[in-house]
Structures are given as C-alpha cells and as structure tokens.
>>> print(open('input.cif').read())   # mmCIF, C-alpha atoms, pLDDT in the B column; chains and numbers go by the auth columns
data_entry
loop_
_atom_site.group_PDB
_atom_site.id
_atom_site.type_symbol
_atom_site.label_atom_id
_atom_site.label_comp_id
_atom_site.label_asym_id
_atom_site.label_seq_id
_atom_site.Cartn_x
_atom_site.Cartn_y
_atom_site.Cartn_z
_atom_site.B_iso_or_equiv
_atom_site.auth_seq_id
_atom_site.auth_asym_id
ATOM 1 C CA ALA A 1 236.211 -65.435 56.856 89.00 1 A
ATOM 2 C CA MET A 2 239.385 -66.008 58.829 94.00 2 A
ATOM 3 C CA LEU A 3 241.760 -68.098 56.736 95.00 3 A
ATOM 4 C CA THR A 4 245.060 -67.169 58.386 96.00 4 A
ATOM 5 C CA GLY A 5 247.977 -69.551 58.344 96.00 5 A
ATOM 6 C CA CYS A 6 246.117 -72.172 56.311 95.00 6 A
ATOM 7 C CA LYS A 7 247.638 -74.660 53.889 94.00 7 A
ATOM 8 C CA LEU A 8 245.103 -74.911 51.099 92.00 8 A
ATOM 9 C CA LYS A 9 245.656 -78.235 49.366 89.00 9 A
ATOM 10 C CA ASN A 10 243.248 -79.150 46.559 90.00 10 A
ATOM 11 C CA ALA A 11 241.071 -76.188 47.575 92.00 11 A
ATOM 12 C CA ALA A 12 238.554 -74.593 45.250 93.00 12 A
ATOM 13 C CA PHE A 13 236.676 -71.331 45.682 93.00 13 A
ATOM 14 C CA ASP A 14 233.623 -71.061 43.449 94.00 14 A
ATOM 15 C CA ASP A 15 231.291 -68.054 43.618 95.00 15 A
ATOM 16 C CA CYS A 16 232.394 -67.181 47.176 94.00 16 A
ATOM 17 C CA ARG A 17 231.908 -63.821 48.840 94.00 17 A
ATOM 18 C CA LEU A 18 235.247 -63.196 50.485 92.00 18 A
ATOM 19 C CA GLY A 19 234.764 -59.555 51.438 91.00 19 A
ATOM 20 C CA LYS A 20 237.006 -58.689 54.393 94.00 20 A
ATOM 21 C CA ALA A 21 238.428 -62.233 54.440 96.00 21 A
ATOM 22 C CA ASN A 22 241.750 -62.526 56.241 97.00 22 A
ATOM 23 C CA PHE A 23 244.309 -64.505 54.220 97.00 23 A
ATOM 24 C CA GLN A 24 247.437 -63.558 56.169 97.00 24 A
ATOM 25 C CA LYS A 25 250.104 -66.274 55.880 97.00 25 A
ATOM 26 C CA THR A 26 247.881 -68.360 53.563 97.00 26 A
ATOM 27 C CA LEU A 27 249.388 -68.844 50.110 96.00 27 A
ATOM 28 C CA LEU A 28 246.814 -68.508 47.331 96.00 28 A
ATOM 29 C CA LYS A 29 249.189 -69.571 44.549 95.00 29 A
ATOM 30 C CA GLY A 30 247.430 -71.636 41.895 94.00 30 A
ATOM 31 C CA LEU A 31 243.911 -70.894 43.155 95.00 31 A
ATOM 32 C CA ASP A 32 241.311 -69.674 40.669 96.00 32 A
ATOM 33 C CA MET A 33 239.367 -66.891 42.386 96.00 33 A
ATOM 34 C CA THR A 34 237.770 -65.484 39.203 97.00 34 A
ATOM 35 C CA THR A 35 234.207 -66.201 40.356 96.00 35 A
ATOM 36 C CA CYS A 36 234.690 -64.801 43.876 96.00 36 A
ATOM 37 C CA THR A 37 234.195 -61.405 45.476 94.00 37 A
ATOM 38 C CA LEU A 38 237.531 -60.165 46.865 91.00 38 A
ATOM 39 C CA GLU A 39 236.648 -56.746 48.301 89.00 39 A
ATOM 40 C CA ASN A 40 238.693 -55.430 51.226 92.00 40 A
ATOM 41 C CA ILE A 41 240.562 -58.683 51.843 95.00 41 A
ATOM 42 C CA ILE A 42 243.370 -58.710 54.391 96.00 42 A
ATOM 43 C CA VAL A 43 246.862 -59.910 53.479 97.00 43 A
ATOM 44 C CA SER A 44 250.389 -59.360 54.777 96.00 44 A
ATOM 45 C CA PRO A 45 252.099 -56.016 54.100 95.00 45 A
ATOM 46 C CA ASP A 46 254.279 -57.616 51.392 96.00 46 A
ATOM 47 C CA PHE A 47 251.203 -59.090 49.607 96.00 47 A
ATOM 48 C CA GLY A 48 253.022 -62.444 49.349 96.00 48 A
ATOM 49 C CA GLU A 49 249.782 -64.384 49.705 97.00 49 A
ATOM 50 C CA LEU A 50 248.611 -63.052 46.336 96.00 50 A
ATOM 51 C CA ARG A 51 251.545 -64.286 44.251 95.00 51 A
ATOM 52 C CA GLY A 52 250.249 -66.749 41.676 95.00 52 A
ATOM 53 C CA VAL A 53 246.521 -66.348 42.394 96.00 53 A
ATOM 54 C CA LYS A 54 244.256 -66.268 39.313 97.00 54 A
ATOM 55 C CA THR A 55 241.837 -63.302 39.148 96.00 55 A
ATOM 56 C CA ASP A 56 239.757 -61.507 36.565 95.00 56 A
ATOM 57 C CA VAL A 57 240.457 -57.932 35.459 94.00 57 A
ATOM 58 C CA PHE A 58 238.035 -56.376 37.978 92.00 58 A
ATOM 59 C CA GLN A 59 239.546 -58.303 40.871 93.00 59 A
ATOM 60 C CA ALA A 60 243.008 -57.301 39.683 94.00 60 A
ATOM 61 C CA ALA A 61 241.935 -53.653 39.881 91.00 61 A
ATOM 62 C CA GLU A 62 240.644 -54.219 43.443 90.00 62 A
ATOM 63 C CA LEU A 63 243.902 -55.907 44.457 93.00 63 A
ATOM 64 C CA ALA A 64 245.898 -53.075 42.873 94.00 64 A
ATOM 65 C CA ARG A 65 243.870 -50.618 44.972 91.00 65 A
ATOM 66 C CA LEU A 66 244.720 -52.692 48.035 91.00 66 A
ATOM 67 C CA MET A 67 248.402 -52.250 47.139 93.00 67 A
ATOM 68 C CA GLY A 68 248.014 -48.487 46.875 93.00 68 A
ATOM 69 C CA VAL A 69 247.805 -48.285 43.089 94.00 69 A
ATOM 70 C CA ARG A 70 245.242 -45.812 41.780 86.00 70 A
ATOM 71 C CA VAL A 71 243.417 -47.272 38.821 79.00 71 A
ATOM 72 C CA VAL A 72 241.584 -44.653 36.733 80.00 72 A
#
>>> encode(input="input.cif", output="structure tokens")
Amino acid sequence: AMLTGCKLKNAAFDDCRLGKANFQKTLLKGLDMTTCTLENIIVSPDFGELRGVKTDVFQAAELARLMGVRVV
C-alpha cells in the first residue's frame, strides 16, 4: 500500500496486511493497529509517523527492529 502524505481522519485499520506499506509523511497518531500486520513498513528516517500509534507487543518488536534496535 502507498499511503504517503495522507491525512487519516476517522480512519480504522482492522485485520489489515500492511507489509511493505509506505506511510511516509502520514501521521498514525491515535490509530489502533493491533490487529494488523506491520512487517517491513516504510516511514521517514526520524520515525515521526509512528508517534502515538497503538500496537501490540509483537508489532512493537518489529518497529524496534525497523529503528535498528536488536530485540533478543
């Protein structure tokens, strides 16, 4: 999916497969993504799009990997 530069107002993602989705310049603040697949998503180098997004623990580990954190 290519969701760059979008303004998501009243958006809901439920059980979506967002592998390799591009979210550059699309704020995800307040969105509940806990039922979605977030593998290999694309965001800006400062990861600003991810501030305030709701994830589960497994997604958080995937996003940490995206940021260069090694989760063991």
>>> closest_residue(input="input.cif", among="A:Leu28, A:Cys36, A:Val43, A:Met67", to="Phe13 in chain A", atoms="only C-alpha atoms")
A:Cys36
>>> resolve_selection(input="input.cif", expression="the PyMOL selection byres ((chain A and resi 37) around 12)", output="number ranges by chain")
A: 13-21, 32-36, 38-41, 55-56, 58-60, 62-63
>>> residues_near_point(input="input.cif", point="(247.8, -65.3, 42.2)", cutoff="8 Å", atoms="all atoms listed in the file", output="PyMOL selection string")
chain A and resi 28-32+49-55
>>> atom_distance(input="input.cif", atom1="CA of Leu3 in chain A", atom2="CA of Arg70 in chain A")
27.1 Å
>>> resolve_selection(input="input.cif", expression="the PyMOL selection byres ((chain A and resi 25) around 6)", output="list in words")
Thr4, Gly5, Gln24 and Thr26 of chain A
>>> build_atoms(input="input.cif", residues="range 22-33 of chain A", atoms="all heavy atoms", output="mmCIF file, in the coordinates of the input")
data_model
loop_
_atom_site.group_PDB
_atom_site.id
_atom_site.type_symbol
_atom_site.label_atom_id
_atom_site.label_comp_id
_atom_site.auth_asym_id
_atom_site.auth_seq_id
_atom_site.Cartn_x
_atom_site.Cartn_y
_atom_site.Cartn_z
ATOM 1 N N ASN A 22 240.371 -62.657 55.801
ATOM 2 C CA ASN A 22 241.750 -62.526 56.241
ATOM 3 C C ASN A 22 242.547 -63.729 55.734
ATOM 4 O O ASN A 22 242.311 -64.848 56.163
ATOM 5 C CB ASN A 22 241.802 -62.448 57.765
ATOM 6 C CG ASN A 22 243.179 -62.100 58.280
ATOM 7 O OD1 ASN A 22 244.177 -62.383 57.645
ATOM 8 N ND2 ASN A 22 243.218 -61.491 59.437
ATOM 9 N N PHE A 23 243.481 -63.466 54.810
ATOM 10 C CA PHE A 23 244.309 -64.505 54.220
ATOM 11 C C PHE A 23 245.764 -64.408 54.668
ATOM 12 O O PHE A 23 246.636 -64.980 54.014
ATOM 13 C CB PHE A 23 244.271 -64.412 52.688
ATOM 14 C CG PHE A 23 242.970 -64.802 52.074
ATOM 15 C CD1 PHE A 23 242.118 -63.844 51.560
ATOM 16 C CD2 PHE A 23 242.589 -66.133 52.009
ATOM 17 C CE1 PHE A 23 240.916 -64.204 50.974
ATOM 18 C CE2 PHE A 23 241.389 -66.502 51.423
ATOM 19 C CZ PHE A 23 240.550 -65.536 50.906
ATOM 20 N N GLN A 24 246.049 -63.720 55.742
ATOM 21 C CA GLN A 24 247.437 -63.558 56.169
ATOM 22 C C GLN A 24 248.095 -64.916 56.374
ATOM 23 O O GLN A 24 247.535 -65.807 57.011
ATOM 24 C CB GLN A 24 247.518 -62.732 57.444
ATOM 25 C CG GLN A 24 247.182 -61.274 57.205
ATOM 26 C CD GLN A 24 247.251 -60.455 58.470
ATOM 27 O OE1 GLN A 24 246.766 -60.856 59.507
ATOM 28 N NE2 GLN A 24 247.872 -59.294 58.372
ATOM 29 N N LYS A 25 249.290 -65.060 55.790
ATOM 30 C CA LYS A 25 250.104 -66.274 55.880
ATOM 31 C C LYS A 25 249.431 -67.498 55.264
ATOM 32 O O LYS A 25 249.707 -68.626 55.640
ATOM 33 C CB LYS A 25 250.517 -66.542 57.319
ATOM 34 C CG LYS A 25 251.353 -65.429 57.908
ATOM 35 C CD LYS A 25 251.775 -65.737 59.314
ATOM 36 C CE LYS A 25 252.563 -64.562 59.881
ATOM 37 N NZ LYS A 25 252.955 -64.789 61.249
ATOM 38 N N THR A 26 248.520 -67.273 54.306
ATOM 39 C CA THR A 26 247.881 -68.360 53.563
ATOM 40 C C THR A 26 248.183 -68.140 52.083
ATOM 41 O O THR A 26 247.693 -67.186 51.482
ATOM 42 C CB THR A 26 246.355 -68.367 53.784
ATOM 43 O OG1 THR A 26 246.098 -68.578 55.169
ATOM 44 C CG2 THR A 26 245.678 -69.446 52.963
ATOM 45 N N LEU A 27 249.011 -68.999 51.513
ATOM 46 C CA LEU A 27 249.388 -68.844 50.110
ATOM 47 C C LEU A 27 248.215 -69.202 49.204
ATOM 48 O O LEU A 27 247.606 -70.254 49.358
ATOM 49 C CB LEU A 27 250.588 -69.727 49.787
ATOM 50 C CG LEU A 27 251.858 -69.418 50.576
ATOM 51 C CD1 LEU A 27 252.965 -70.384 50.189
ATOM 52 C CD2 LEU A 27 252.294 -67.983 50.370
ATOM 53 N N LEU A 28 247.924 -68.314 48.263
ATOM 54 C CA LEU A 28 246.814 -68.508 47.331
ATOM 55 C C LEU A 28 247.301 -68.916 45.945
ATOM 56 O O LEU A 28 246.516 -69.006 45.012
ATOM 57 C CB LEU A 28 245.989 -67.223 47.244
ATOM 58 C CG LEU A 28 245.418 -66.725 48.579
ATOM 59 C CD1 LEU A 28 244.725 -65.387 48.398
ATOM 60 C CD2 LEU A 28 244.474 -67.757 49.167
ATOM 61 N N LYS A 29 248.583 -69.207 45.827
ATOM 62 C CA LYS A 29 249.189 -69.571 44.549
ATOM 63 C C LYS A 29 248.446 -70.750 43.923
ATOM 64 O O LYS A 29 248.180 -71.756 44.575
ATOM 65 C CB LYS A 29 250.649 -69.946 44.751
ATOM 66 C CG LYS A 29 251.369 -70.270 43.471
ATOM 67 C CD LYS A 29 252.819 -70.584 43.727
ATOM 68 C CE LYS A 29 253.516 -70.863 42.407
ATOM 69 N NZ LYS A 29 254.947 -71.064 42.618
ATOM 70 N N GLY A 30 248.090 -70.575 42.641
ATOM 71 C CA GLY A 30 247.430 -71.636 41.895
ATOM 72 C C GLY A 30 245.922 -71.682 42.046
ATOM 73 O O GLY A 30 245.255 -72.411 41.328
ATOM 74 N N LEU A 31 245.362 -70.896 42.976
ATOM 75 C CA LEU A 31 243.911 -70.894 43.155
ATOM 76 C C LEU A 31 243.239 -70.000 42.119
ATOM 77 O O LEU A 31 243.726 -68.923 41.806
ATOM 78 C CB LEU A 31 243.535 -70.401 44.547
ATOM 79 C CG LEU A 31 243.824 -71.356 45.687
ATOM 80 C CD1 LEU A 31 243.459 -70.705 47.014
ATOM 81 C CD2 LEU A 31 243.052 -72.639 45.523
ATOM 82 N N ASP A 32 242.113 -70.450 41.612
ATOM 83 C CA ASP A 32 241.311 -69.674 40.669
ATOM 84 C C ASP A 32 240.212 -68.981 41.465
ATOM 85 O O ASP A 32 239.293 -69.621 41.958
ATOM 86 C CB ASP A 32 240.699 -70.597 39.622
ATOM 87 C CG ASP A 32 239.904 -69.858 38.564
ATOM 88 O OD1 ASP A 32 239.520 -68.686 38.790
ATOM 89 O OD2 ASP A 32 239.637 -70.455 37.514
ATOM 90 N N MET A 33 240.334 -67.676 41.609
ATOM 91 C CA MET A 33 239.367 -66.891 42.386
ATOM 92 C C MET A 33 238.486 -66.038 41.474
ATOM 93 O O MET A 33 237.826 -65.118 41.933
ATOM 94 C CB MET A 33 240.109 -65.981 43.363
ATOM 95 C CG MET A 33 241.075 -66.711 44.274
ATOM 96 S SD MET A 33 240.226 -67.620 45.536
ATOM 97 C CE MET A 33 240.536 -66.598 46.924
#
